[in-house]
Each structure stands twice: as C-alpha cells, then as structure tokens.
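The next block is coords_7.json, given as JSON, C-alpha atoms.
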```json
[["chain", "number", "residue", "atom", "x", "y", "z"],
["A", 1, "MET", "CA", -12.84, 233.24, 131.54],
["A", 2, "SER", "CA", -12.23, 232.87, 135.26],
["A", 3, "GLY", "CA", -13.79, 233.60, 138.62],
["A", 4, "GLY", "CA", -17.35, 234.91, 138.76],
["A", 5, "VAL", "CA", -17.59, 235.74, 135.06],
["A", 6, "GLY", "CA", -16.49, 232.26, 133.99],
["A", 7, "ASP", "CA", -18.74, 230.55, 136.51],
["A", 8, "GLY", "CA", -21.69, 232.71, 135.47],
["A", 9, "ALA", "CA", -21.13, 231.73, 131.84],
["A", 10, "ARG", "CA", -21.03, 228.04, 132.81],
["A", 11, "ASP", "CA", -24.33, 228.43, 134.65],
["A", 12, "LEU", "CA", -25.91, 230.17, 131.64],
["A", 13, "LEU", "CA", -24.72, 227.51, 129.21],
["A", 14, "LEU", "CA", -24.96, 224.40, 131.37],
["A", 15, "GLY", "CA", -27.30, 225.33, 134.19],
["A", 16, "SER", "CA", -24.83, 224.15, 136.84],
["A", 17, "HIS", "CA", -24.17, 225.47, 140.31],
["A", 18, "CYS", "CA", -21.97, 224.59, 143.26],
["A", 19, "LEU", "CA", -23.46, 221.78, 145.32],
["A", 20, "GLY", "CA", -21.97, 223.29, 148.46],
["A", 21, "CYS", "CA", -23.09, 226.91, 148.30],
["A", 22, "SER", "CA", -25.32, 227.13, 145.17],
["A", 23, "VAL", "CA", -23.11, 229.75, 143.51],
["A", 24, "PRO", "CA", -23.66, 229.52, 139.73],
["A", 25, "GLY", "CA", -20.94, 227.77, 137.75],
["A", 26, "ARG", "CA", -18.86, 224.74, 138.57],
["A", 27, "LEU", "CA", -20.30, 221.82, 140.58],
["A", 28, "LEU", "CA", -17.78, 222.49, 143.33],
["A", 29, "CYS", "CA", -16.52, 226.04, 143.59],
["A", 30, "ARG", "CA", -12.99, 226.85, 144.70],
["A", 31, "ALA", "CA", -14.12, 228.10, 148.10],
["A", 32, "CYS", "CA", -16.13, 224.97, 148.91],
["A", 33, "ALA", "CA", -13.32, 222.75, 147.60],
["A", 34, "ALA", "CA", -10.91, 224.52, 149.95],
["A", 35, "ASP", "CA", -13.32, 223.93, 152.85],
["A", 36, "LEU", "CA", -13.58, 220.16, 152.36],
["A", 37, "PRO", "CA", -12.08, 218.12, 155.22],
["A", 38, "ARG", "CA", -8.43, 217.10, 155.10],
["A", 39, "THR", "CA", -8.29, 215.18, 158.38],
["A", 40, "PRO", "CA", -9.15, 211.50, 157.78],
["A", 41, "TYR", "CA", -10.06, 209.52, 160.85],
["A", 42, "VAL", "CA", -10.74, 206.00, 162.05],
["A", 43, "ALA", "CA", -14.53, 205.63, 161.74],
["A", 44, "TRP", "CA", -15.59, 202.59, 163.77],
["A", 45, "PRO", "CA", -19.30, 201.79, 163.29],
["A", 46, "THR", "CA", -21.54, 201.31, 166.30],
["A", 47, "PRO", "CA", -21.81, 198.39, 166.85],
["A", 48, "VAL", "CA", -18.63, 197.18, 165.18],
["A", 49, "PRO", "CA", -19.12, 194.08, 162.99],
["A", 50, "PRO", "CA", -16.94, 191.37, 164.58],
["A", 51, "GLY", "CA", -13.54, 191.11, 162.93],
["A", 52, "LEU", "CA", -13.76, 194.31, 160.88],
["A", 53, "VAL", "CA", -10.35, 195.75, 160.04],
["A", 54, "GLU", "CA", -9.70, 199.40, 160.79],
["A", 55, "PRO", "CA", -12.08, 201.58, 158.74],
["A", 56, "TRP", "CA", -10.93, 205.05, 157.65],
["A", 57, "ALA", "CA", -13.08, 207.88, 156.32],
["A", 58, "ALA", "CA", -12.09, 211.26, 154.97],
["A", 59, "ALA", "CA", -15.17, 213.14, 156.18],
["A", 60, "PRO", "CA", -18.54, 212.84, 157.89],
["A", 61, "TYR", "CA", -21.37, 212.06, 155.49],
["A", 62, "SER", "CA", -23.08, 215.43, 155.70],
["A", 63, "ALA", "CA", -23.28, 218.89, 154.16],
["A", 64, "THR", "CA", -21.21, 219.38, 150.98],
["A", 65, "VAL", "CA", -19.61, 215.94, 151.06],
["A", 66, "ARG", "CA", -23.01, 214.25, 151.14],
["A", 67, "ALA", "CA", -24.21, 216.42, 148.23],
["A", 68, "LEU", "CA", -21.14, 215.47, 146.20],
["A", 69, "VAL", "CA", -21.57, 211.74, 146.84],
["A", 70, "VAL", "CA", -25.27, 211.84, 145.94],
["A", 71, "GLY", "CA", -24.52, 213.95, 142.88],
["A", 72, "LEU", "CA", -22.04, 211.41, 141.55],
["A", 73, "LYS", "CA", -23.87, 208.27, 142.60],
["A", 74, "GLU", "CA", -27.47, 209.14, 141.77],
["A", 75, "HIS", "CA", -27.23, 211.95, 139.21],
["A", 76, "ARG", "CA", -24.14, 210.86, 137.23],
["A", 77, "LEU", "CA", -22.28, 214.14, 137.73],
["A", 78, "LEU", "CA", -19.03, 212.56, 136.62],
["A", 79, "ALA", "CA", -16.93, 215.68, 137.21],
["A", 80, "LEU", "CA", -17.33, 214.97, 140.92],
["A", 81, "VAL", "CA", -15.13, 211.88, 140.65],
["A", 82, "ARG", "CA", -12.10, 214.15, 140.89],
["A", 83, "PRO", "CA", -12.73, 215.86, 144.26],
["A", 84, "LEU", "CA", -14.29, 212.74, 145.80],
["A", 85, "ALA", "CA", -11.32, 210.63, 144.74],
["A", 86, "HIS", "CA", -9.04, 213.08, 146.48],
["A", 87, "LEU", "CA", -10.99, 212.51, 149.70],
["A", 88, "LEU", "CA", -10.82, 208.76, 149.20],
["A", 89, "ALA", "CA", -7.07, 209.05, 148.62],
["A", 90, "LEU", "CA", -6.74, 210.67, 152.03],
["A", 91, "ALA", "CA", -8.63, 207.79, 153.65],
["A", 92, "VAL", "CA", -6.51, 205.24, 151.79],
["A", 93, "ALA", "CA", -3.07, 206.71, 152.39],
["A", 94, "THR", "CA", -3.12, 208.60, 155.67],
["A", 95, "ASP", "CA", -1.14, 206.63, 158.27],
["A", 96, "LEU", "CA", -0.95, 203.68, 155.88],
["A", 97, "PRO", "CA", 2.10, 201.58, 156.82],
["A", 98, "VAL", "CA", 4.56, 201.66, 153.94],
["A", 99, "SER", "CA", 6.17, 198.22, 153.89],
["A", 100, "GLY", "CA", 7.51, 198.13, 150.33],
["A", 101, "HIS", "CA", 4.63, 196.01, 149.00],
["A", 102, "PRO", "CA", 2.27, 197.34, 146.30],
["A", 103, "VAL", "CA", -1.06, 198.75, 147.44],
["A", 104, "VAL", "CA", -4.12, 197.17, 145.82],
["A", 105, "LEU", "CA", -7.45, 198.99, 145.95],
["A", 106, "VAL", "CA", -10.48, 196.68, 145.79],
["A", 107, "PRO", "CA", -13.75, 198.56, 145.18],
["A", 108, "VAL", "CA", -16.91, 197.32, 146.82],
["A", 109, "PRO", "CA", -19.21, 195.97, 144.07],
["A", 110, "SER", "CA", -22.62, 197.41, 143.29],
["A", 111, "ARG", "CA", -25.71, 195.50, 142.18],
["A", 112, "ARG", "CA", -25.75, 195.09, 138.40],
["A", 113, "SER", "CA", -29.22, 196.58, 138.23],
["A", 114, "SER", "CA", -28.00, 199.70, 140.06],
["A", 115, "VAL", "CA", -25.04, 200.09, 137.72],
["A", 116, "ARG", "CA", -27.34, 199.76, 134.70],
["A", 117, "ALA", "CA", -29.83, 202.25, 136.10],
["A", 118, "ARG", "CA", -27.15, 204.80, 136.99],
["A", 119, "GLY", "CA", -25.16, 204.26, 133.81],
["A", 120, "HIS", "CA", -21.85, 203.99, 135.62],
["A", 121, "ASP", "CA", -19.99, 202.17, 138.41],
["A", 122, "HIS", "CA", -19.12, 205.07, 140.69],
["A", 123, "THR", "CA", -17.15, 203.07, 143.27],
["A", 124, "THR", "CA", -14.80, 201.63, 140.66],
["A", 125, "ALA", "CA", -14.40, 205.06, 139.07],
["A", 126, "LEU", "CA", -13.45, 206.53, 142.46],
["A", 127, "ALA", "CA", -10.93, 203.76, 143.13],
["A", 128, "GLU", "CA", -9.30, 204.18, 139.71],
["A", 129, "ARG", "CA", -9.00, 207.96, 140.08],
["A", 130, "THR", "CA", -7.66, 207.51, 143.62],
["A", 131, "ALA", "CA", -4.94, 205.20, 142.33],
["A", 132, "ARG", "CA", -3.94, 207.83, 139.76],
["A", 133, "LEU", "CA", -3.68, 210.46, 142.50],
["A", 134, "LEU", "CA", -1.53, 208.26, 144.70],
["A", 135, "ARG", "CA", 0.86, 206.85, 142.08],
["A", 136, "PRO", "CA", 3.44, 209.60, 142.65],
["A", 137, "VAL", "CA", 3.88, 208.35, 146.24],
["A", 138, "LEU", "CA", 2.77, 204.70, 146.13],
["A", 139, "ASP", "CA", 3.11, 201.60, 143.98],
["A", 140, "ILE", "CA", -0.65, 201.24, 143.63],
["A", 141, "ARG", "CA", -3.22, 199.58, 141.40],
["A", 142, "VAL", "CA", -6.93, 198.68, 141.32],
["A", 143, "ALA", "CA", -8.22, 195.09, 141.25],
["A", 144, "ARG", "CA", -11.94, 194.39, 140.80],
["A", 145, "LEU", "CA", -11.84, 191.14, 142.74],
["A", 146, "LEU", "CA", -15.31, 191.23, 144.28],
["A", 147, "ARG", "CA", -18.62, 190.28, 142.72],
["A", 148, "LEU", "CA", -22.10, 190.52, 144.20],
["A", 149, "ARG", "CA", -24.34, 187.45, 144.11],
["A", 150, "SER", "CA", -27.94, 187.81, 142.98],
["A", 151, "GLY", "CA", -30.74, 188.32, 145.47],
["A", 152, "VAL", "CA", -29.20, 191.20, 147.44],
["A", 153, "ALA", "CA", -31.79, 193.83, 148.30],
["A", 154, "ASP", "CA", -31.29, 197.59, 148.23],
["A", 155, "GLN", "CA", -29.67, 198.62, 151.53],
["A", 156, "ALA", "CA", -31.48, 201.95, 151.84],
["A", 157, "GLY", "CA", -33.54, 202.14, 155.02],
["A", 158, "LEU", "CA", -32.16, 198.95, 156.58],
["A", 159, "ASP", "CA", -30.77, 199.00, 160.11],
["A", 160, "ALA", "CA", -27.46, 197.40, 161.09],
["A", 161, "ALA", "CA", -28.94, 193.95, 161.77],
["A", 162, "ALA", "CA", -30.97, 193.91, 158.55],
["A", 163, "ARG", "CA", -27.96, 195.08, 156.52],
["A", 164, "GLY", "CA", -25.82, 192.34, 157.99],
["A", 165, "ALA", "CA", -28.42, 189.67, 157.22],
["A", 166, "ASN", "CA", -28.97, 191.03, 153.69],
["A", 167, "LEU", "CA", -25.26, 190.97, 152.89],
["A", 168, "ALA", "CA", -24.21, 187.75, 154.63],
["A", 169, "GLY", "CA", -22.48, 185.58, 152.02],
["A", 170, "SER", "CA", -23.44, 188.03, 149.27],
["A", 171, "MET", "CA", -19.95, 188.61, 147.83],
["A", 172, "HIS", "CA", -17.47, 186.28, 146.22],
["A", 173, "CYS", "CA", -14.15, 186.49, 144.36],
["A", 174, "PRO", "CA", -14.07, 184.76, 140.96],
["A", 175, "SER", "CA", -10.89, 182.73, 140.65],
["A", 176, "PRO", "CA", -9.41, 184.45, 137.53],
["A", 177, "GLY", "CA", -9.03, 187.77, 139.36],
["A", 178, "VAL", "CA", -7.56, 186.13, 142.43],
["A", 179, "HIS", "CA", -5.16, 184.13, 140.25],
["A", 180, "ARG", "CA", -3.96, 187.31, 138.49],
["A", 181, "LEU", "CA", -3.39, 189.01, 141.83],
["A", 182, "ALA", "CA", -1.45, 186.02, 143.18],
["A", 183, "THR", "CA", 0.65, 185.84, 140.02],
["A", 184, "HIS", "CA", 1.49, 189.51, 139.56],
["A", 185, "THR", "CA", 1.23, 190.85, 143.13],
["A", 186, "PRO", "CA", 1.83, 187.97, 145.54],
["A", 187, "ARG", "CA", 2.46, 190.33, 148.46],
["A", 188, "ALA", "CA", 0.25, 193.37, 148.63],
["A", 189, "THR", "CA", -1.40, 195.79, 151.02],
["A", 190, "VAL", "CA", -5.07, 195.38, 150.17],
["A", 191, "VAL", "CA", -7.52, 198.21, 150.88],
["A", 192, "VAL", "CA", -11.28, 197.79, 150.42],
["A", 193, "CYS", "CA", -12.78, 201.02, 149.01],
["A", 194, "ASP", "CA", -16.32, 202.35, 149.23],
["A", 195, "ASP", "CA", -18.11, 205.67, 149.00],
["A", 196, "VAL", "CA", -19.88, 205.73, 152.38],
["A", 197, "LEU", "CA", -19.36, 203.70, 155.53],
["A", 198, "THR", "CA", -22.67, 203.22, 157.35],
["A", 199, "THR", "CA", -23.01, 200.14, 159.57],
["A", 200, "GLY", "CA", -19.83, 198.46, 158.35],
["A", 201, "SER", "CA", -21.78, 195.43, 157.08],
["A", 202, "THR", "CA", -20.77, 195.97, 153.45],
["A", 203, "ALA", "CA", -17.12, 196.46, 154.34],
["A", 204, "ARG", "CA", -17.10, 193.39, 156.58],
["A", 205, "GLU", "CA", -18.68, 191.22, 153.89],
["A", 206, "ALA", "CA", -16.12, 192.43, 151.35],
["A", 207, "GLN", "CA", -13.36, 191.63, 153.82],
["A", 208, "ARG", "CA", -14.83, 188.16, 154.48],
["A", 209, "ALA", "CA", -15.04, 187.32, 150.77],
["A", 210, "LEU", "CA", -11.44, 188.35, 150.16],
["A", 211, "GLU", "CA", -10.08, 186.54, 153.19],
["A", 212, "ALA", "CA", -12.02, 183.41, 152.20],
["A", 213, "VAL", "CA", -9.77, 183.12, 149.13],
["A", 214, "GLY", "CA", -6.58, 183.94, 151.00],
["A", 215, "VAL", "CA", -6.41, 187.70, 150.37],
["A", 216, "PRO", "CA", -5.80, 189.55, 153.66],
["A", 217, "VAL", "CA", -7.26, 193.04, 154.00],
["A", 218, "ALA", "CA", -5.21, 195.82, 155.61],
["A", 219, "ARG", "CA", -7.93, 198.44, 155.97],
["A", 220, "VAL", "CA", -11.22, 199.78, 154.72],
["A", 221, "ALA", "CA", -11.27, 203.28, 153.20],
["A", 222, "ALA", "CA", -14.35, 205.37, 152.43],
["A", 223, "VAL", "CA", -14.98, 208.87, 151.21],
["A", 224, "ALA", "CA", -17.29, 209.49, 154.15],
["A", 225, "ALA", "CA", -18.88, 207.89, 157.20],
["A", 226, "THR", "CA", -22.35, 208.47, 158.58],
["A", 227, "PRO", "CA", -22.54, 210.37, 161.90],
["A", 228, "LEU", "CA", -22.03, 208.89, 165.36],
["A", 229, "ARG", "CA", -18.56, 207.60, 164.56],
["A", 230, "ALA", "CA", -15.25, 208.18, 166.29],
["A", 231, "ALA", "CA", -14.44, 211.87, 166.00],
["A", 232, "PRO", "CA", -11.65, 213.08, 163.72],
["A", 233, "GLY", "CA", -8.34, 212.94, 165.53],
["A", 234, "SER", "CA", -9.61, 210.48, 168.16],
["A", 235, "GLY", "CA", -7.36, 207.65, 167.10],
["A", 236, "GLY", "CA", -5.32, 206.14, 164.36],
["A", 237, "TRP", "CA", -3.13, 203.29, 163.24],
["A", 238, "THR", "CA", 0.13, 203.18, 165.15],
["A", 239, "GLY", "CA", 2.69, 200.94, 163.51],
["A", 240, "LEU", "CA", 6.42, 200.51, 163.25],
["A", 241, "HIS", "CA", 6.63, 201.23, 159.53],
["A", 242, "SER", "CA", 7.06, 204.66, 157.98],
["A", 243, "ARG", "CA", 3.71, 206.21, 157.18],
["A", 244, "LEU", "CA", 2.09, 208.55, 154.70],
["A", 245, "SER", "CA", 0.09, 211.61, 155.65],
["A", 246, "ALA", "CA", -2.21, 214.11, 153.98],
["A", 247, "ASP", "CA", 0.81, 216.33, 153.41],
["A", 248, "HIS", "CA", 2.05, 213.88, 150.76],
["A", 249, "LEU", "CA", -0.99, 214.56, 148.55],
["A", 250, "PRO", "CA", -1.53, 217.47, 146.17],
["A", 251, "PRO", "CA", -3.92, 220.30, 147.09],
["A", 252, "LEU", "CA", -7.59, 219.41, 146.82],
["A", 253, "PRO", "CA", -8.88, 220.52, 143.41],
["A", 254, "GLY", "CA", -12.23, 221.98, 142.52],
["A", 255, "ASN", "CA", -13.82, 220.47, 139.42],
["A", 256, "ASP", "CA", -13.27, 222.40, 136.20]]
```
Could you quickly redo this structure as structure tokens?
Amino acid sequence: MSGGVGDGARDLLLGSHCLGCSVPGRLLCRACAADLPRTPYVAWPTPVPPGLVEPWAAAPYSATVRALVVGLKEHRLLALVRPLAHLLALAVATDLPVSGHPVVLVPVPSRRSSVRARGHDHTTALAERTARLLRPVLDIRVARLLRLRSGVADQAGLDAAARGANLAGSMHCPSPGVHRLATHTPRATVVVCDDVLTTGSTAREAQRALEAVGVPVARVAAVAATPLRAAPGSGGWTGLHSRLSADHLPPLPGND
C-alpha cells in the first residue's frame, strides 16, 4: 500500500498521524519531510557563553521540527530518529573543514533519571544515526566521552544565568573513554551533538569538560535552536580547507 490508502491503513491499525500536518498515517508525511529546512546556520546564543565554539543548527526550534523533537524525546517515537538525524547531519557536516582527520561525534549526556523515565537515550541515538548517514562522505564515529555528575536539576524553565549556574562543573570525561580516543584516534575533529541549542550553557559545559582532558572541540551541532538566533544564511565558518555542504547528503527521508 502507498500514498493515502497506505497512510490511512497505518492510522487505522496504529493510530498514528503526521506531527506536521495531522494527516493520518506516518509520523512524518512525505510532504512535511520535503518541507523541513535544509539550510543549517550558525546559531549564536544571546548572550554567548564566553569561549563557546561555533554552534550550528539545522532549523529553528518551532513548528514541525519542535513537534518531532518532543515526539522523540518525551514520547519515545523512535521512528523519528531517522529524519531528526538527517537534520543533525546537516548541522554537523555543512561547511565542516575536511582536514583528513576522523570526525568524532560526542553526544551531550542526559540525566540518568531522565533516560530511565524515557526508556531511551535520544541524544546518543541521534548521534549514532547521524554517523551512519555521514559515513559515505566522512570517516566518522561516535564516542560517549561525557558523563553528567549527580545533583544537576532539570533545565526546563531556567533562564540563561540559572542554566549556567546549574551546569557549571556538571560534566566530566571518565579516563577510559579518553584513553581509547587518544589511542585509536589521536587526531580528530570533535563535534559536540545535542538536540536543541537554547542558551548555549549545556554546549559550553560539554566543551569545557572535553577541553579539560585535552580534547579540543571543533564545533557544536544541534538539530534545532530556539528563536532569536542568527538568521539562516547570516554567517558561516570560512576556512582554508575543502568543505562539505548539504548537497553531499542524501535526500531527507520521511519515516516509514
């Protein structure tokens, strides 16, 4: 079955509908998948946490993209990993300087209690699927180097200052993971990955923890950024190396 008939049958059997337009059937219909952004941009927070490396996002955190992120993160709609990973791949690879070194994606860690409650680690799942998407064009892998210390409160509802205070010193890198990275990938382009960039406090803390153990961070990449960021097309990394672009990636899929 295909098209409207197939989607209608899915809705009858599974009760699903598109999170973008509410058409019965798949969680992301073909039309809404085709309408998702394909123009990643540099998304500087306001204010910018001091020392933050260049943060890239694939889309504003609104409309269909927001519904997809919430659906995966809070409602365990695992089929959404596929389209969201494609967006994250755009934020990772677009204008990334290709220097011949492997690319290492480091997902931002979640609180253990959140992972238990949700039943999955969505950020790691996104990073792993993103690496699979990019392997045809990059030497790329995922390294779960970061861990979250106990005592970190839920970030929801906190302003930039409160988020920064809540996260200060909250992440660390256990030595076994760092040792494996140093042994197998001594020279790498490290990208910190997250679902949503808000104030930049989480990204900056992840960067701090990595740099504290001698792992330099090249950029931050997120699926989406909250509003009031630099507009798409307003800037970008300008380097001397050859660069990748969205044209190197396969067409954005809907979920099946």
Using all atoms of stretch 193-202 of chain A listed in the file and a margin of 4 Å per side, can you give the axis-aligned box centre and edge lengths in Å to one decimal, as lines of an AutoDock Vina configuration file?
```
center_x = -17.9
center_y = 200.6
center_z = 154.3
size_x = 18.2
size_y = 18.3
size_z = 18.6
```
Within 12 Å of file point (-10.2, 207.2, 142.5), counting all atoms listed in the file, expressed as a compact mmCIF listing (two decimals) with C-alpha atoms, in the coordinates of the input:
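out_20.txt, freshly written:
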```txt
# COMPACT_ATOMS: atom_id res chain seq x y z
CA LEU A 78 -19.03 212.56 136.62
CA LEU A 80 -17.33 214.97 140.92
CA VAL A 81 -15.13 211.88 140.65
CA ARG A 82 -12.10 214.15 140.89
CA PRO A 83 -12.73 215.86 144.26
CA LEU A 84 -14.29 212.74 145.80
CA ALA A 85 -11.32 210.63 144.74
CA HIS A 86 -9.04 213.08 146.48
CA LEU A 87 -10.99 212.51 149.70
CA LEU A 88 -10.82 208.76 149.20
CA ALA A 89 -7.07 209.05 148.62
CA LEU A 90 -6.74 210.67 152.03
CA ALA A 91 -8.63 207.79 153.65
CA VAL A 92 -6.51 205.24 151.79
CA LEU A 105 -7.45 198.99 145.95
CA VAL A 106 -10.48 196.68 145.79
CA PRO A 107 -13.75 198.56 145.18
CA ASP A 121 -19.99 202.17 138.41
CA HIS A 122 -19.12 205.07 140.69
CA THR A 123 -17.15 203.07 143.27
CA THR A 124 -14.80 201.63 140.66
CA ALA A 125 -14.40 205.06 139.07
CA LEU A 126 -13.45 206.53 142.46
CA ALA A 127 -10.93 203.76 143.13
CA GLU A 128 -9.30 204.18 139.71
CA ARG A 129 -9.00 207.96 140.08
CA THR A 130 -7.66 207.51 143.62
CA ALA A 131 -4.94 205.20 142.33
CA ARG A 132 -3.94 207.83 139.76
CA LEU A 133 -3.68 210.46 142.50
CA LEU A 134 -1.53 208.26 144.70
CA ARG A 135 0.86 206.85 142.08
CA ILE A 140 -0.65 201.24 143.63
CA ARG A 141 -3.22 199.58 141.40
CA VAL A 142 -6.93 198.68 141.32
CA CYS A 193 -12.78 201.02 149.01
CA ASP A 194 -16.32 202.35 149.23
CA ASP A 195 -18.11 205.67 149.00
CA ALA A 221 -11.27 203.28 153.20
CA ALA A 222 -14.35 205.37 152.43
CA VAL A 223 -14.98 208.87 151.21
```
**Request:** Excluding A:Ala188 and residues on its chain fewer than 4 positions from it, collect all residues at most 12 Å away from it, counting all atoms listed in the file, and give them as a PyMOL selection string.
**Result:** chain A and resi 97-106+138-143+181-184+214-218
Go ahead and save the picked residues with C-alpha atoms, as a PDB file, in the coordinates of the input.
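Written out: out23.pdb:
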```pdb
ATOM      1  CA  PRO A  97       2.100 201.580 156.820  1.00  0.00           C
ATOM      2  CA  VAL A  98       4.560 201.660 153.940  1.00  0.00           C
ATOM      3  CA  SER A  99       6.170 198.220 153.890  1.00  0.00           C
ATOM      4  CA  GLY A 100       7.510 198.130 150.330  1.00  0.00           C
ATOM      5  CA  HIS A 101       4.630 196.010 149.000  1.00  0.00           C
ATOM      6  CA  PRO A 102       2.270 197.340 146.300  1.00  0.00           C
ATOM      7  CA  VAL A 103      -1.060 198.750 147.440  1.00  0.00           C
ATOM      8  CA  VAL A 104      -4.120 197.170 145.820  1.00  0.00           C
ATOM      9  CA  LEU A 105      -7.450 198.990 145.950  1.00  0.00           C
ATOM     10  CA  VAL A 106     -10.480 196.680 145.790  1.00  0.00           C
ATOM     11  CA  LEU A 138       2.770 204.700 146.130  1.00  0.00           C
ATOM     12  CA  ASP A 139       3.110 201.600 143.980  1.00  0.00           C
ATOM     13  CA  ILE A 140      -0.650 201.240 143.630  1.00  0.00           C
ATOM     14  CA  ARG A 141      -3.220 199.580 141.400  1.00  0.00           C
ATOM     15  CA  VAL A 142      -6.930 198.680 141.320  1.00  0.00           C
ATOM     16  CA  ALA A 143      -8.220 195.090 141.250  1.00  0.00           C
ATOM     17  CA  LEU A 181      -3.390 189.010 141.830  1.00  0.00           C
ATOM     18  CA  ALA A 182      -1.450 186.020 143.180  1.00  0.00           C
ATOM     19  CA  THR A 183       0.650 185.840 140.020  1.00  0.00           C
ATOM     20  CA  HIS A 184       1.490 189.510 139.560  1.00  0.00           C
ATOM     21  CA  GLY A 214      -6.580 183.940 151.000  1.00  0.00           C
ATOM     22  CA  VAL A 215      -6.410 187.700 150.370  1.00  0.00           C
ATOM     23  CA  PRO A 216      -5.800 189.550 153.660  1.00  0.00           C
ATOM     24  CA  VAL A 217      -7.260 193.040 154.000  1.00  0.00           C
ATOM     25  CA  ALA A 218      -5.210 195.820 155.610  1.00  0.00           C
TER      26      ALA A 218
END
```
**Asked** Around (-15.7, 187.0, 152.3) in the file's own coordinates, what residues are found within 12 Å if you use all atoms listed in the file, given back as a PyMOL selection string?
**Response** chain A and resi 51-52+108+145-149+167-174+192+201-217
**Item:** Spatial neighbours of A:Val48, max dist 8 Å, all atoms listed in the file, sep filter under 4 positions, as JSON, numbers by chain
**Value:** {"A": [44, 52, 199, 200]}
**Asked** If you measure from atom CA of A:Pro55 to atom CA of A:Val42, what distance in Å do you get, rounded to one decimal?
**Response** 5.7 Å
**Request:** Counting all atoms listed in the file, figure out which residue out of A:Gly25, A:Pro60, A:Pro109, A:Gly119 gets nearest to A:Ala224.
**Result:** A:Pro60
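Atom CA of A:Val70 is found 25.1 Å from atom CA of A:Pro47.
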**Asked** Mind pulling up the distance from atom CA of A:Ser16 to atom CA of A:Arg111?
**Response**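 Separation of atom CA of A:Arg111 and atom CA of A:Ser16: 29.2 Å.
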**Request:** Compile the contact shell of A:Cys29 as an MDAnalysis selection string: residues with an atom at most 8 Å away, counting all atoms listed in the file, same-chain residues fewer than 2 positions apart removed.
**Result:** chainID A and resid 18 20 23 25:27 31:33 254:255
**Prompt:** Which residue out of A:Gly71, A:Leu96, A:Pro37, A:Thr189 has the minimum interatomic distance to A:Trp56 when all atoms listed in the file are used?
**Reply:**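 Once distances to A:Trp56 are computed over all atoms listed in the file, the minimum belongs to A:Leu96.
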**Asked** Which residue out of A:Pro176, A:Arg144, A:Ser62, A:Val190 has the minimum interatomic distance to A:Ser110 when all atoms listed in the file are used?
**Response**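 Ranked by minimum distance to A:Ser110, first place goes to A:Arg144.
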**Complete:** Judged by all atoms listed in the file, the minimum distance to A:Val65 among A:Arg180, A:Arg38, A:Arg219, A:Arg118 is found for A:Arg38
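The closest residue to A:Ala58, picked from A:Leu36, A:Val178, A:Leu19, A:Val137 and counting all atoms listed in the file, is A:Leu36.
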